[in-house]
Amino acid sequence: MKQAIHVRGLTKRYGDVQAVAGLDLDIEQGEVFAILGPNGAGKSTTVEILEGYRSRDSGEVSVLGADPARPTREWRSRIGIVLQTANDAAELTVRETVRHFARYYPSPRDADEVIAQVGLTESAGKRVRQLSGGQRRRVDVALGLVGRPELLFLDEPTTGFDPEARRQFWDLIENLAHDGTTIVLTTHYLEEAETLADRVAVVARGQVVALGDPATLGGRATAKARVAWSEGTVETDTPTATVAELGRRYGGEVPGLSVTRPTLEDVYLRLIEHPS
Ligand SMILES: Nc1ncnc2c1ncn2[C@@H]1O[C@H](COP(=O)(O)OP(=O)(O)OP(=O)(O)O)[C@@H](O)[C@H]1O
């Protein structure tokens with residue numbers, strides 16, 4: 001499979017702050033890739049460098065086969081971007097806004113089709129300023145999609161979405177991925193990364209501190225299980241045997257029984273506290 005993004009030894013400093021400190025990244029075409037990390041870890045700086053909107057100090061970067069430090073119009077038209085800040089063309093209607101942005105691209109998607117994809121058909125004739133925060137965010141996503149991008153960057157795309165809107169958005173991302181769009185998203189919602197991403201990178205202090213499938217990241221799949229019941233807790237490699245033993249001890253139902261493995265959040269919090 002071809003690479004969409006290749007980064008080696010990326011660095012960026014703002015005055016005294018080393019925002020990106022030797023970051024490596026490889027993202028395949030067609031992958032959904034999530035970048036996780038605490039506030040100030042260097043995620044946005046990295047993504048802005050990849051998008052061609054911020055200069056780097058050093059390192060090797062290739063995005064869709066080109067160096068984003070020298071963006072061409074043709075290269076930009078192959079990339080979709082959904083930034084953290086909402087758009088401000090608020091006096092236009094949703095449909096007018098999407099049509100307006102569609103004109104910048106050589107082979108845009110149909111505006112009404114994109115509006116339907118983000119679940120805004122009923123609001124297509126409304127002015128953007130009349131929409132709720134979550135609905136405006138969907139307009140942002142529509143603008144990222146309208147150019148039919150090969151590569152879509154989404155910076156915290158579902159901030160402000162209600163749970164139902166978030167689920168609908170996840171379906172949309174899955175459909176885009178199914179059609180072959182490469183998707184790079186930053187998020188603070190670990191459930192979002194776990195649901196959507198083929199792979200995740202955890203970034204801390206400007207470097208990738210863990211990389212992999214969210215189901216196995218940081219040894220998650222092989223970690224000990226925690227068997228808890230109303231009178232105790234045990235961490236064990238053999239939870240089935242432990243539960244069987246408890247069943248014998250209680251002569252039937254074990255009160256308050258649960259068996260759990262570390263969540264992505266458990267692993268994530270450990271990684272950003274004690275990066276290996
Ligand atoms: N334009 C700038 N000028 C000076 N310092 C900056 C600038 N942009 C970012 N920084 C600093 O660089 C570091 C990395 O910031 P960045 O925005 O890349 O982090 P982030 O991981 O995206 O954080 P968040 O999750 O809060 O969006 C932070 O310490 C930040 O204060």
# chains A, B, ... in the order shown; residues from 1 in each chain; ligands from 1
call {"tool": "residues_near_ligand", "arguments": {"ligand": "ligand 1", "cutoff": "6 Å", "atoms": "only C-alpha atoms and all ligand atoms", "output": "list in words"}}
result
Tyr14, Val17, Ala19, Pro38, Asn39, Gly40, Ala41, Gly42, Lys43, Ser44 and Thr45 of chain A
call {"tool": "closest_atom_pairs", "arguments": {"of": "segment 110-207 of chain A", "to": "segment 47-70 of chain A", "cutoff": "9 Å", "atoms": "only C-alpha atoms", "output": "Markdown table"}}
result
| residue | atom | partner | partner_atom | distance |
| --- | --- | --- | --- | --- |
| A:Glu150 | CA | A:Leu64 | CA | 8.7 |
| A:Leu151 | CA | A:Leu64 | CA | 8.1 |
| A:Phe153 | CA | A:Val47 | CA | 7.8 |
| A:Asp155 | CA | A:Val47 | CA | 8.3 |
| A:Val184 | CA | A:Val47 | CA | 8.7 |
| A:Thr186 | CA | A:Val47 | CA | 8.6 |
call {"tool": "atom_distance", "arguments": {"atom1": "atom CA of Asp213 of chain A", "atom2": "atom CA of Glu235 of chain A"}}
result
23.6 Å
call {"tool": "select_by_dssp", "arguments": {"residues": "segment 41-235 of chain A", "states": "helix (DSSP H, G or I)", "output": "ChimeraX atom specification"}}
result
/A:43-51,73-77,94-102,111-117,121-123,128-130,133-145,163-178,190-196,217-222
call {"tool": "closest_residue", "arguments": {"among": "A:Thr195, A:Gln117, A:Thr240, A:Ser230", "to": "Leu264 of chain A", "atoms": "only C-alpha atoms"}}
result
A:Thr195
call {"tool": "closest_residue", "arguments": {"among": "A:Asp110, A:Glu191, A:Glu273, A:Glu164", "to": "Gly147 of chain A", "atoms": "only C-alpha atoms"}}
result
A:Asp110
call {"tool": "residues_around", "arguments": {"residues": "Leu36 of chain A", "least_positions_apart": "3", "cutoff": "8 Å", "atoms": "only C-alpha atoms", "output": "list in words"}}
result
Lys43, Thr186, Thr187, His188, Leu190, Val200, Ala201, Val202 and Val203 of chain A
